[in-house]
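**Student:** run_11.cif (mmCIF, C-alpha atoms and all ligand atoms) pasted underneath:
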```
data_upload
loop_
_atom_site.label_atom_id
_atom_site.label_comp_id
_atom_site.auth_asym_id
_atom_site.auth_seq_id
_atom_site.Cartn_x
_atom_site.Cartn_y
_atom_site.Cartn_z
CA MET O 1 0.00 0.00 0.00
CA ILE O 2 1.12 3.54 -0.52
CA ASN O 3 0.46 6.60 1.61
CA ILE O 4 -0.53 8.99 -1.15
CA LEU O 5 -0.77 12.13 1.00
CA ASN O 6 2.66 11.43 2.42
CA GLU O 7 4.07 10.94 -1.07
CA CYS O 8 2.52 14.25 -2.16
CA LYS O 9 3.08 16.30 0.98
CA ASP O 10 5.81 18.61 -0.37
CA ALA O 11 4.41 18.87 -3.88
CA LYS O 12 3.36 22.24 -5.27
CA THR O 13 2.19 20.70 -8.55
CA ILE O 14 0.71 17.26 -9.21
CA GLY O 15 -0.22 15.77 -12.58
CA ILE O 16 -2.62 12.83 -12.94
CA SER O 17 -2.94 10.72 -16.06
CA GLY O 18 -4.17 7.37 -17.36
CA HIS O 19 -4.04 5.41 -20.60
CA VAL O 20 -4.93 6.56 -24.11
CA ARG O 21 -8.50 5.82 -25.23
CA PRO O 22 -9.53 5.99 -21.56
CA ASP O 23 -12.13 3.45 -20.44
CA GLY O 24 -14.48 3.62 -17.45
CA ASP O 25 -11.85 2.36 -15.03
CA CYS O 26 -9.33 4.92 -16.18
CA VAL O 27 -11.86 7.79 -16.11
CA GLY O 28 -13.30 6.77 -12.72
CA SER O 29 -9.86 6.30 -11.14
CA VAL O 30 -8.53 9.65 -12.38
CA SER O 31 -11.71 11.42 -11.30
CA ALA O 32 -11.70 9.89 -7.80
CA LEU O 33 -8.04 10.56 -7.08
CA TYR O 34 -8.24 14.08 -8.49
CA GLN O 35 -11.15 14.97 -6.20
CA PHE O 36 -9.51 13.46 -3.15
CA LEU O 37 -6.18 15.25 -3.69
CA LYS O 38 -7.98 18.49 -4.50
CA LYS O 39 -9.85 18.52 -1.22
CA SER O 40 -6.90 17.23 0.85
CA LEU O 41 -4.12 19.44 -0.54
CA LYS O 42 -5.66 22.89 -0.67
CA ASN O 43 -2.46 24.71 -1.70
CA THR O 44 -1.34 22.31 -4.40
CA GLU O 45 -2.01 22.79 -8.08
CA ILE O 46 -3.48 19.56 -9.45
CA GLU O 47 -3.83 18.97 -13.18
CA VAL O 48 -5.50 16.18 -15.13
CA LEU O 49 -3.71 15.16 -18.34
CA LEU O 50 -5.96 12.66 -20.06
CA GLU O 51 -7.39 12.09 -23.54
CA GLU O 52 -11.01 13.08 -23.91
CA PRO O 53 -13.14 10.08 -22.89
CA SER O 54 -16.40 8.95 -24.46
CA GLY O 55 -19.34 11.29 -23.83
CA VAL O 56 -21.08 8.58 -21.80
CA PHE O 57 -18.80 9.65 -18.94
CA SER O 58 -19.86 13.30 -19.03
CA ASP O 59 -21.47 12.95 -15.57
CA VAL O 60 -18.20 11.84 -14.01
CA PRO O 61 -17.11 14.67 -11.71
CA ALA O 62 -13.73 15.54 -13.32
CA TYR O 63 -14.87 14.90 -16.92
CA GLU O 64 -14.51 18.51 -18.03
CA LEU O 65 -10.81 18.42 -17.06
CA MET O 66 -10.15 15.49 -19.42
CA THR O 67 -9.51 17.58 -22.50
CA GLY O 68 -6.74 15.68 -24.27
CA SER O 69 -4.27 18.56 -24.17
CA TYR O 70 -2.04 20.54 -21.83
CA ASP O 71 -0.11 23.58 -23.02
CA LYS O 72 1.81 24.70 -19.94
CA GLN O 73 5.45 23.75 -19.47
CA THR O 74 5.02 22.51 -15.88
CA GLU O 75 7.70 20.31 -14.36
CA PHE O 76 5.43 18.49 -11.96
CA ASP O 77 6.68 17.68 -8.47
CA VAL O 78 4.60 14.50 -8.50
CA PHE O 79 3.09 12.75 -11.51
CA ILE O 80 0.60 9.93 -10.95
CA ILE O 81 -0.16 7.34 -13.65
CA LEU O 82 -3.34 5.33 -13.15
CA ASP O 83 -4.46 2.11 -14.88
CA SER O 84 -1.51 2.20 -17.28
CA VAL O 85 2.17 1.86 -17.95
CA MET O 86 4.24 4.94 -18.81
CA ASP O 87 4.36 4.40 -22.58
CA ARG O 88 0.57 4.27 -22.94
CA ILE O 89 -0.37 7.70 -21.63
CA GLY O 90 0.03 9.57 -24.92
CA PHE O 91 0.67 13.31 -24.74
CA ALA O 92 1.11 13.11 -20.94
CA GLU O 93 4.26 10.98 -21.22
CA GLU O 94 6.63 13.90 -21.75
CA TYR O 95 5.33 15.54 -18.55
CA ALA O 96 5.54 12.30 -16.57
CA LYS O 97 9.11 11.74 -17.72
CA LYS O 98 10.33 15.11 -16.47
CA ALA O 99 8.41 15.04 -13.18
CA LYS O 100 10.46 15.00 -9.96
CA LYS O 101 8.61 11.97 -8.60
CA THR O 102 6.40 9.45 -10.40
CA ILE O 103 3.75 7.19 -8.87
CA ASN O 104 2.05 4.27 -10.64
CA ILE O 105 -1.18 2.66 -9.43
CA ASP O 106 -2.31 -0.18 -11.70
CA HIS O 107 -3.79 -3.66 -11.84
CA HIS O 108 -2.49 -4.89 -15.22
CA ILE O 109 -0.56 -8.13 -14.91
CA SER O 110 1.63 -6.97 -17.80
CA ASN O 111 2.79 -3.93 -15.78
CA GLU O 112 6.18 -4.88 -14.34
CA GLY O 113 6.19 -1.94 -11.94
CA ILE O 114 9.46 -0.52 -13.21
CA ASP O 115 8.30 2.71 -14.86
CA CYS O 116 7.88 4.89 -11.78
CA ASP O 117 9.59 5.75 -8.49
CA VAL O 118 6.69 4.53 -6.37
CA ASN O 119 4.62 1.59 -7.58
CA TYR O 120 1.39 0.06 -6.31
CA ILE O 121 0.60 -2.72 -8.79
CA VAL O 122 -1.92 -5.37 -7.74
CA PRO O 123 -2.92 -7.69 -10.62
CA THR O 124 -5.58 -9.44 -8.52
CA ALA O 125 -7.58 -6.22 -8.12
CA SER O 126 -10.72 -6.02 -10.27
CA SER O 127 -9.87 -2.53 -11.39
CA CYS O 128 -7.52 0.34 -10.80
CA ALA O 129 -10.48 2.07 -9.12
CA GLU O 130 -10.50 -0.66 -6.45
CA LEU O 131 -6.87 0.26 -5.67
CA VAL O 132 -7.67 3.97 -5.70
CA TYR O 133 -10.41 3.21 -3.14
CA GLU O 134 -7.80 1.61 -0.85
CA VAL O 135 -5.32 4.42 -1.37
CA ILE O 136 -7.90 7.12 -0.59
CA GLY O 137 -9.26 5.20 2.40
CA GLU O 138 -12.90 4.51 3.19
CA GLU O 139 -13.03 7.31 5.76
CA ASN O 140 -12.16 9.94 3.14
CA LEU O 141 -14.90 9.17 0.62
CA ASP O 142 -17.74 11.47 -0.33
CA GLU O 143 -20.60 10.98 -2.77
CA GLN O 144 -18.69 12.23 -5.83
CA ILE O 145 -15.58 10.18 -5.08
CA ALA O 146 -17.71 7.09 -4.37
CA LYS O 147 -19.56 7.51 -7.66
CA SER O 148 -16.28 7.82 -9.61
CA ILE O 149 -14.84 4.69 -8.01
CA TYR O 150 -18.07 2.78 -8.64
CA ILE O 151 -17.94 3.63 -12.35
CA GLY O 152 -14.32 2.46 -12.49
CA ILE O 153 -15.13 -0.86 -10.87
CA ILE O 154 -18.24 -1.72 -12.88
CA HIS O 155 -16.55 -1.03 -16.20
CA ASP O 156 -13.63 -3.35 -15.56
CA CYS O 157 -15.61 -6.23 -14.08
CA GLY O 158 -18.58 -6.04 -16.47
CA VAL O 159 -20.96 -4.97 -13.70
CA PHE O 160 -19.64 -7.71 -11.39
CA GLN O 161 -19.92 -10.54 -13.90
CA TYR O 162 -16.27 -11.20 -14.87
CA SER O 163 -13.99 -13.49 -12.91
CA ASN O 164 -11.93 -10.55 -11.62
CA THR O 165 -14.87 -9.71 -9.30
CA SER O 166 -13.80 -10.78 -5.83
CA PRO O 167 -15.65 -10.79 -2.51
CA LYS O 168 -13.56 -7.72 -1.72
CA THR O 169 -14.79 -5.99 -4.90
CA LEU O 170 -18.37 -6.56 -3.81
CA ARG O 171 -17.68 -5.36 -0.26
CA ILE O 172 -16.16 -2.18 -1.65
CA ALA O 173 -19.14 -1.73 -3.99
CA ALA O 174 -21.51 -2.21 -1.03
CA ASN O 175 -19.69 0.53 0.89
CA LEU O 176 -19.88 2.83 -2.13
CA LEU O 177 -23.65 2.37 -2.46
CA GLU O 178 -24.03 3.82 1.05
CA TYR O 179 -23.41 7.22 -0.55
CA GLY O 180 -26.76 7.07 -2.28
CA PHE O 181 -25.90 7.93 -5.90
CA ASP O 182 -28.21 6.68 -8.63
CA PHE O 183 -26.32 3.51 -9.53
CA PRO O 184 -28.84 1.88 -11.92
CA LYS O 185 -28.76 5.09 -13.98
CA LEU O 186 -24.94 5.05 -14.02
CA ILE O 187 -24.88 1.42 -15.12
CA ASP O 188 -27.41 2.00 -17.90
CA GLU O 189 -26.00 5.25 -19.18
CA THR O 190 -22.31 4.38 -19.09
CA PHE O 191 -22.30 0.62 -19.64
CA TYR O 192 -25.33 -0.75 -21.48
CA GLU O 193 -26.84 2.11 -23.44
CA LYS O 194 -25.90 2.20 -27.15
CA THR O 195 -26.70 4.74 -29.81
CA TYR O 196 -28.53 3.49 -32.90
CA VAL O 197 -25.29 3.72 -34.89
CA GLN O 198 -23.29 1.84 -32.25
CA ASN O 199 -25.81 -0.99 -32.39
CA GLN O 200 -25.66 -1.03 -36.18
CA ILE O 201 -21.87 -1.30 -36.09
CA LEU O 202 -22.15 -4.10 -33.53
CA GLY O 203 -24.52 -5.84 -35.95
CA ARG O 204 -22.07 -5.46 -38.82
CA ALA O 205 -19.19 -6.78 -36.71
CA LEU O 206 -21.20 -9.85 -35.66
CA LEU O 207 -22.46 -10.49 -39.18
CA GLU O 208 -18.97 -10.41 -40.66
CA SER O 209 -17.25 -12.32 -37.87
CA ILE O 210 -15.36 -15.49 -38.72
CA LEU O 211 -14.88 -18.62 -36.66
CA PHE O 212 -11.62 -20.55 -36.84
CA MET O 213 -9.53 -23.09 -34.90
CA ASP O 214 -12.48 -25.49 -34.76
CA GLY O 215 -14.76 -22.75 -33.47
CA LYS O 216 -12.49 -21.93 -30.54
CA CYS O 217 -11.60 -18.52 -31.94
CA ILE O 218 -13.69 -15.78 -33.43
CA ALA O 219 -12.55 -12.59 -35.13
CA SER O 220 -14.06 -9.49 -36.63
CA MET O 221 -12.74 -6.23 -38.03
CA ILE O 222 -14.04 -2.73 -38.74
CA ASP O 223 -12.13 -0.91 -41.47
CA ARG O 224 -11.72 2.81 -42.17
CA LYS O 225 -14.40 2.78 -44.87
CA LEU O 226 -17.02 1.46 -42.49
CA MET O 227 -15.92 3.89 -39.77
CA GLU O 228 -16.28 6.76 -42.22
CA PHE O 229 -19.66 5.50 -43.44
CA TYR O 230 -21.03 5.50 -39.90
CA ASN O 231 -18.93 8.50 -38.84
CA ALA O 232 -17.72 6.28 -35.99
CA THR O 233 -14.68 6.44 -33.71
CA SER O 234 -13.14 3.89 -31.34
CA LYS O 235 -15.56 5.09 -28.66
CA ASP O 236 -18.36 3.44 -30.67
CA PHE O 237 -16.84 -0.05 -30.48
CA ASP O 238 -17.18 -0.73 -26.76
CA GLY O 239 -18.75 -4.10 -26.05
CA ILE O 240 -18.24 -5.61 -29.52
CA VAL O 241 -15.44 -7.94 -28.43
CA ASN O 242 -17.44 -9.08 -25.41
CA GLN O 243 -20.38 -9.95 -27.62
CA LEU O 244 -18.04 -12.01 -29.84
CA ARG O 245 -16.60 -13.82 -26.82
CA ILE O 246 -19.95 -15.16 -25.61
CA VAL O 247 -20.51 -17.24 -28.75
CA LYS O 248 -20.92 -20.83 -27.57
CA GLY O 249 -17.71 -22.83 -27.93
CA VAL O 250 -15.50 -19.78 -28.35
CA GLU O 251 -12.45 -19.59 -26.10
CA CYS O 252 -10.84 -16.51 -27.55
CA ALA O 253 -12.31 -13.46 -29.30
CA ILE O 254 -10.43 -10.96 -31.45
CA PHE O 255 -11.82 -7.61 -32.45
CA MET O 256 -9.82 -5.08 -34.41
CA TYR O 257 -10.30 -1.75 -36.09
CA GLU O 258 -8.10 0.18 -38.46
CA ILE O 259 -6.26 3.10 -36.88
CA GLY O 260 -4.03 3.86 -39.87
CA THR O 261 -3.04 2.37 -43.18
CA LEU O 262 -2.47 -1.31 -42.50
CA GLU O 263 -2.44 -0.60 -38.76
CA TYR O 264 -4.94 -2.08 -36.33
CA LYS O 265 -5.92 -1.69 -32.69
CA ILE O 266 -6.56 -5.18 -31.36
CA SER O 267 -8.85 -6.22 -28.50
CA LEU O 268 -8.56 -9.75 -27.16
CA ARG O 269 -10.90 -11.56 -24.79
CA SER O 270 -10.63 -15.04 -23.34
CA CYS O 271 -12.97 -17.38 -21.50
CA GLY O 272 -10.04 -18.62 -19.42
CA ALA O 273 -8.23 -21.25 -21.53
CA VAL O 274 -6.04 -18.70 -23.30
CA ASP O 275 -3.91 -16.12 -21.48
CA VAL O 276 -4.50 -13.16 -23.79
CA ALA O 277 -2.18 -10.88 -21.75
CA LYS O 278 0.62 -13.19 -22.91
CA VAL O 279 -0.52 -12.95 -26.53
CA ALA O 280 -0.87 -9.14 -26.41
CA SER O 281 2.47 -8.72 -24.60
CA TYR O 282 4.19 -10.75 -27.33
CA PHE O 283 3.04 -8.09 -29.81
CA GLY O 284 4.07 -5.18 -27.60
CA GLY O 285 0.73 -4.62 -25.86
CA GLY O 286 -0.56 -5.90 -22.55
CA GLY O 287 -3.55 -6.26 -20.27
CA HIS O 288 -5.09 -9.02 -18.20
CA VAL O 289 -5.34 -12.80 -18.59
CA ARG O 290 -8.91 -12.52 -19.94
CA ALA O 291 -8.84 -9.06 -21.52
CA ALA O 292 -5.89 -7.53 -23.32
CA GLY O 293 -4.91 -5.46 -26.32
CA CYS O 294 -2.15 -4.33 -28.64
CA THR O 295 -1.49 -2.52 -31.90
CA MET O 296 -0.39 -4.47 -34.99
CA CYS O 297 0.58 -3.77 -38.59
CA GLY O 298 -0.15 -5.64 -41.82
CA THR O 299 -3.25 -6.69 -43.71
CA TYR O 300 -6.23 -8.01 -41.71
CA TYR O 301 -5.29 -11.56 -42.67
CA ASP O 302 -1.59 -11.09 -41.81
CA VAL O 303 -2.53 -9.79 -38.40
CA LEU O 304 -5.03 -12.58 -37.87
CA ASN O 305 -2.45 -15.16 -38.91
CA ASN O 306 0.16 -13.82 -36.53
CA LEU O 307 -2.31 -13.66 -33.66
CA SER O 308 -3.59 -17.19 -34.39
CA LYS O 309 -0.06 -18.61 -34.24
CA GLU O 310 0.45 -17.14 -30.78
CA ILE O 311 -2.98 -18.25 -29.57
CA ALA O 312 -2.45 -21.77 -30.97
CA LYS O 313 0.69 -22.15 -28.84
CA GLN O 314 -1.64 -22.18 -25.85
CA PHE O 315 -3.76 -24.99 -27.29
CA PRO O 316 -1.29 -27.90 -27.10
CA ASN O 317 -3.18 -30.09 -29.60
CA MET O 318 -3.40 -27.55 -32.35
CA ASP O 319 -1.08 -26.00 -34.85
P1 LIG O 401 -9.54 -3.19 -24.57
O1 LIG O 401 -9.61 -4.38 -25.44
O2 LIG O 401 -10.81 -2.99 -23.81
O3 LIG O 401 -9.05 -1.95 -25.28
O4 LIG O 401 -8.42 -3.50 -23.49
C1 LIG O 401 -8.45 -4.63 -22.68
C2 LIG O 401 -7.40 -4.52 -21.60
O5 LIG O 401 -6.10 -4.53 -22.17
C3 LIG O 401 -7.49 -3.20 -20.82
O6 LIG O 401 -7.18 -3.47 -19.47
C4 LIG O 401 -6.47 -2.34 -21.45
O7 LIG O 401 -5.95 -1.42 -20.53
C5 LIG O 401 -5.40 -3.34 -21.92
N1 LIG O 401 -4.80 -2.91 -23.19
C6 LIG O 401 -5.43 -2.70 -24.36
N2 LIG O 401 -4.59 -2.33 -25.33
C7 LIG O 401 -3.35 -2.28 -24.76
C8 LIG O 401 -2.04 -1.95 -25.25
O8 LIG O 401 -1.84 -1.61 -26.41
N3 LIG O 401 -1.03 -2.01 -24.33
C9 LIG O 401 -1.21 -2.37 -23.03
N4 LIG O 401 -0.16 -2.41 -22.20
N5 LIG O 401 -2.43 -2.70 -22.55
C10 LIG O 401 -3.49 -2.67 -23.39
MN MN O 402 -8.43 -1.08 -15.63
#
```
Please, can you express the file's structure as structure tokens?

**Tutor:**
Amino acid sequence: MINILNECKDAKTIGISGHVRPDGDCVGSVSALYQFLKKSLKNTEIEVLLEEPSGVFSDVPAYELMTGSYDKQTEFDVFIILDSVMDRIGFAEEYAKKAKKTINIDHHISNEGIDCDVNYIVPTASSCAELVYEVIGEENLDEQIAKSIYIGIIHDCGVFQYSNTSPKTLRIAANLLEYGFDFPKLIDETFYEKTYVQNQILGRALLESILFMDGKCIASMIDRKLMEFYNATSKDFDGIVNQLRIVKGVECAIFMYEIGTLEYKISLRSCGAVDVAKVASYFGGGGHVRAAGCTMCGTYYDVLNNLSKEIAKQFPNMD
């Protein structure tokens, strides 16, 4: 455990960041820690350096600070990276690198805990938000902090359905509910609700998915043309890979979308038999045993081939 106020006690300036394409856990964790530090360290300047998240998070307390840019030349006394490694925080990396002290709070198994001066990395935690809860301390919560942490937790454990949900996760969630925020609304609006276009894209991805390795793997891809046709961005693809994964018989799901010419962002999900963190790490990415990602280059079929070879290594009877 780390004593965050102790680590920050002499700081005049603190920067907080998380990974690119921030998800609910990243947004909730940054929001919660920002609010806590803001109210605890009245004379410290605290800045959020995070890419703009999906609009579904617009009710998250610190959302308006997540603008995707920072134009001052601050050399932060303390820089805190949440839910990420150093090389995945985008424009914030240059500020983190020149900060006097760096702190990393994360739950990715692929994070070796070597990027920062102070590291609190717990791969068994459901979410980074669960760790932020511990770091802040139950006695220091308020309704807005509780709501932020709750959003972080539900997004990384699929509203308590994935195997990373522990009894501790549920106990924390129970404590958070004491603060009385409208949790069914949060779950609907940030997790389940889809726009018409998002549902159409999901439909296209399912329709064009392919099964391989005797039905143990499934893959689907959204290319630039389709993204342009629907005027869609990566924020519109949430949930597609999870829908692919639940196909009966499937052990491993691959979803990818084009981020540049012959360049794809890959999402991997596993039902348990395949360690997708291992697969993603092999290609320079990372994540968790059952949910991971990376970026790869080549044609769709090249990428699929390369991924399949790595996945097949984990099925001893297949080549
Ligand atoms: P998603 O598929 O939802 O984008 O990501 C699944 C998990 O893998 C998340 O925990 C995410 O942080 C992690 N992840 C996704 N892409 C990358 C990547 O390129 N590098 C690393 N280190 N982690 C990733
Ligand atoms: Mn996370």

**Student:** Closest to ligand LIG 401 (chain O) among O:Val48, O:Ile222, O:Val60, O:Met86, using only C-alpha atoms and all ligand atoms?

**Tutor:**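 Smallest distance to ligand LIG 401 (chain O) is found for O:Met86.
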
**Student:** Would you pick out the contacts of Glu130 in chain O at 9 Å or less, using all atoms listed in the file, so that residues sharing its chain but fewer than 4 positions from it are not included, and give the list as a ChimeraX atom specification?

**Tutor:** /O:29,125-126,134-135,149-150,152-153,169,172

**Student:** Please write the residues from the selection above to a file, keeping C-alpha atoms, as an mmCIF file, in the frame of the given file.

**Tutor:**
```cif
data_model
loop_
_atom_site.group_PDB
_atom_site.id
_atom_site.type_symbol
_atom_site.label_atom_id
_atom_site.label_comp_id
_atom_site.auth_asym_id
_atom_site.auth_seq_id
_atom_site.Cartn_x
_atom_site.Cartn_y
_atom_site.Cartn_z
ATOM 1 C CA SER O 29 -9.860 6.300 -11.140
ATOM 2 C CA ALA O 125 -7.580 -6.220 -8.120
ATOM 3 C CA SER O 126 -10.720 -6.020 -10.270
ATOM 4 C CA GLU O 134 -7.800 1.610 -0.850
ATOM 5 C CA VAL O 135 -5.320 4.420 -1.370
ATOM 6 C CA ILE O 149 -14.840 4.690 -8.010
ATOM 7 C CA TYR O 150 -18.070 2.780 -8.640
ATOM 8 C CA GLY O 152 -14.320 2.460 -12.490
ATOM 9 C CA ILE O 153 -15.130 -0.860 -10.870
ATOM 10 C CA THR O 169 -14.790 -5.990 -4.900
ATOM 11 C CA ILE O 172 -16.160 -2.180 -1.650
#
```

**Student:** Name the residues, by chain letter and number, that sit within 7 Å of ligand LIG 401 (chain O) using all atoms listed in the file, and give them as a PDB file with C-alpha atoms, keeping the file's coordinate frame.

**Tutor:**
```pdb
ATOM      1  CA  ASP O  83      -4.460   2.110 -14.880  1.00  0.00           C
ATOM      2  CA  SER O  84      -1.510   2.200 -17.280  1.00  0.00           C
ATOM      3  CA  VAL O  85       2.170   1.860 -17.950  1.00  0.00           C
ATOM      4  CA  ARG O  88       0.570   4.270 -22.940  1.00  0.00           C
ATOM      5  CA  HIS O 108      -2.490  -4.890 -15.220  1.00  0.00           C
ATOM      6  CA  SER O 110       1.630  -6.970 -17.800  1.00  0.00           C
ATOM      7  CA  ILE O 266      -6.560  -5.180 -31.360  1.00  0.00           C
ATOM      8  CA  SER O 267      -8.850  -6.220 -28.500  1.00  0.00           C
ATOM      9  CA  LEU O 268      -8.560  -9.750 -27.160  1.00  0.00           C
ATOM     10  CA  GLY O 284       4.070  -5.180 -27.600  1.00  0.00           C
ATOM     11  CA  GLY O 285       0.730  -4.620 -25.860  1.00  0.00           C
ATOM     12  CA  GLY O 286      -0.560  -5.900 -22.550  1.00  0.00           C
ATOM     13  CA  GLY O 287      -3.550  -6.260 -20.270  1.00  0.00           C
ATOM     14  CA  HIS O 288      -5.090  -9.020 -18.200  1.00  0.00           C
ATOM     15  CA  ALA O 291      -8.840  -9.060 -21.520  1.00  0.00           C
ATOM     16  CA  ALA O 292      -5.890  -7.530 -23.320  1.00  0.00           C
ATOM     17  CA  GLY O 293      -4.910  -5.460 -26.320  1.00  0.00           C
ATOM     18  CA  CYS O 294      -2.150  -4.330 -28.640  1.00  0.00           C
ATOM     19  CA  THR O 295      -1.490  -2.520 -31.900  1.00  0.00           C
TER      20      THR O 295
END
```

**Student:** Neighbouring residues of range 224-235 of chain O were defined as those with any atom within 9 Å, considering only C-alpha atoms; residues of the same chain fewer than 4 positions away were excluded. Please report them as a list in words.

**Tutor:**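 Here the answer would be Arg21, Pro53, Ser54, Gly55, Val197, Gln198, Gln200, Ile201, Tyr257, Glu258, Ile259, Gly260 and Thr261 of chain O.
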
**Student:** Could you tell me which of O:Gly180, O:Gly15, O:Gly90, O:Gly28 comes closest to ligand MN 402 (chain O) if we count all atoms listed in the file?

**Tutor:** O:Gly28

**Student:** Quick one: residues within 7 Å of ligand MN 402 (chain O), with all atoms listed in the file, as a list in words?

**Tutor:**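 Answer in the requested format: Asp25, Cys26, Asp83, His107, Ser127, Cys128 and Asp156 of chain O.
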
**Student:** Please measure the separation of CA of Tyr120 in chain O and CA of Leu82 in chain O, giving the value in Å to one decimal.

**Tutor:**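 A separation of 9.8 Å between them.
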
**Student:** Counting only C-alpha atoms, which residue out of O:Ile145, O:Ala219, O:Val56, O:Ala99 sits closest to Glu189 in chain O?

**Tutor:** O:Val56

**Student:** Name all residues at most 12 Å from range 275-283 of chain O (count all atoms listed in the file; drop same-chain ones fewer than 4 positions away) and give them as an mmCIF file with C-alpha atoms, in the coordinates of the input.

**Tutor:**
```cif
data_model
loop_
_atom_site.group_PDB
_atom_site.id
_atom_site.type_symbol
_atom_site.label_atom_id
_atom_site.label_comp_id
_atom_site.auth_asym_id
_atom_site.auth_seq_id
_atom_site.Cartn_x
_atom_site.Cartn_y
_atom_site.Cartn_z
ATOM 1 C CA HIS O 108 -2.490 -4.890 -15.220
ATOM 2 C CA ILE O 109 -0.560 -8.130 -14.910
ATOM 3 C CA SER O 110 1.630 -6.970 -17.800
ATOM 4 C CA ASN O 111 2.790 -3.930 -15.780
ATOM 5 C CA GLU O 112 6.180 -4.880 -14.340
ATOM 6 C CA PRO O 123 -2.920 -7.690 -10.620
ATOM 7 C CA GLU O 251 -12.450 -19.590 -26.100
ATOM 8 C CA CYS O 252 -10.840 -16.510 -27.550
ATOM 9 C CA ALA O 253 -12.310 -13.460 -29.300
ATOM 10 C CA ILE O 254 -10.430 -10.960 -31.450
ATOM 11 C CA TYR O 264 -4.940 -2.080 -36.330
ATOM 12 C CA LYS O 265 -5.920 -1.690 -32.690
ATOM 13 C CA ILE O 266 -6.560 -5.180 -31.360
ATOM 14 C CA SER O 267 -8.850 -6.220 -28.500
ATOM 15 C CA LEU O 268 -8.560 -9.750 -27.160
ATOM 16 C CA ARG O 269 -10.900 -11.560 -24.790
ATOM 17 C CA SER O 270 -10.630 -15.040 -23.340
ATOM 18 C CA CYS O 271 -12.970 -17.380 -21.500
ATOM 19 C CA GLY O 287 -3.550 -6.260 -20.270
ATOM 20 C CA HIS O 288 -5.090 -9.020 -18.200
ATOM 21 C CA VAL O 289 -5.340 -12.800 -18.590
ATOM 22 C CA ARG O 290 -8.910 -12.520 -19.940
ATOM 23 C CA ALA O 291 -8.840 -9.060 -21.520
ATOM 24 C CA ALA O 292 -5.890 -7.530 -23.320
ATOM 25 C CA GLY O 293 -4.910 -5.460 -26.320
ATOM 26 C CA CYS O 294 -2.150 -4.330 -28.640
ATOM 27 C CA THR O 295 -1.490 -2.520 -31.900
ATOM 28 C CA MET O 296 -0.390 -4.470 -34.990
ATOM 29 C CA CYS O 297 0.580 -3.770 -38.590
ATOM 30 C CA VAL O 303 -2.530 -9.790 -38.400
ATOM 31 C CA ASN O 306 0.160 -13.820 -36.530
ATOM 32 C CA LEU O 307 -2.310 -13.660 -33.660
ATOM 33 C CA SER O 308 -3.590 -17.190 -34.390
ATOM 34 C CA LYS O 309 -0.060 -18.610 -34.240
ATOM 35 C CA GLU O 310 0.450 -17.140 -30.780
ATOM 36 C CA ILE O 311 -2.980 -18.250 -29.570
ATOM 37 C CA ALA O 312 -2.450 -21.770 -30.970
ATOM 38 C CA LYS O 313 0.690 -22.150 -28.840
ATOM 39 C CA GLN O 314 -1.640 -22.180 -25.850
ATOM 40 C CA PHE O 315 -3.760 -24.990 -27.290
#
```

**Student:** Quick one: residues within 6 Å of Thr102 in chain O, all atoms listed in the file, excluding same-chain residues fewer than 4 positions away - as number ranges by chain?

**Tutor:** O: 78-80, 116-117

**Student:** Can you tell me, as number ranges by chain, what residues are no more than 8 Å from Glu52 in chain O when counting all atoms listed in the file, ignoring any on the same chain fewer than 5 positions away?

**Tutor:** O: 21-22, 66-68
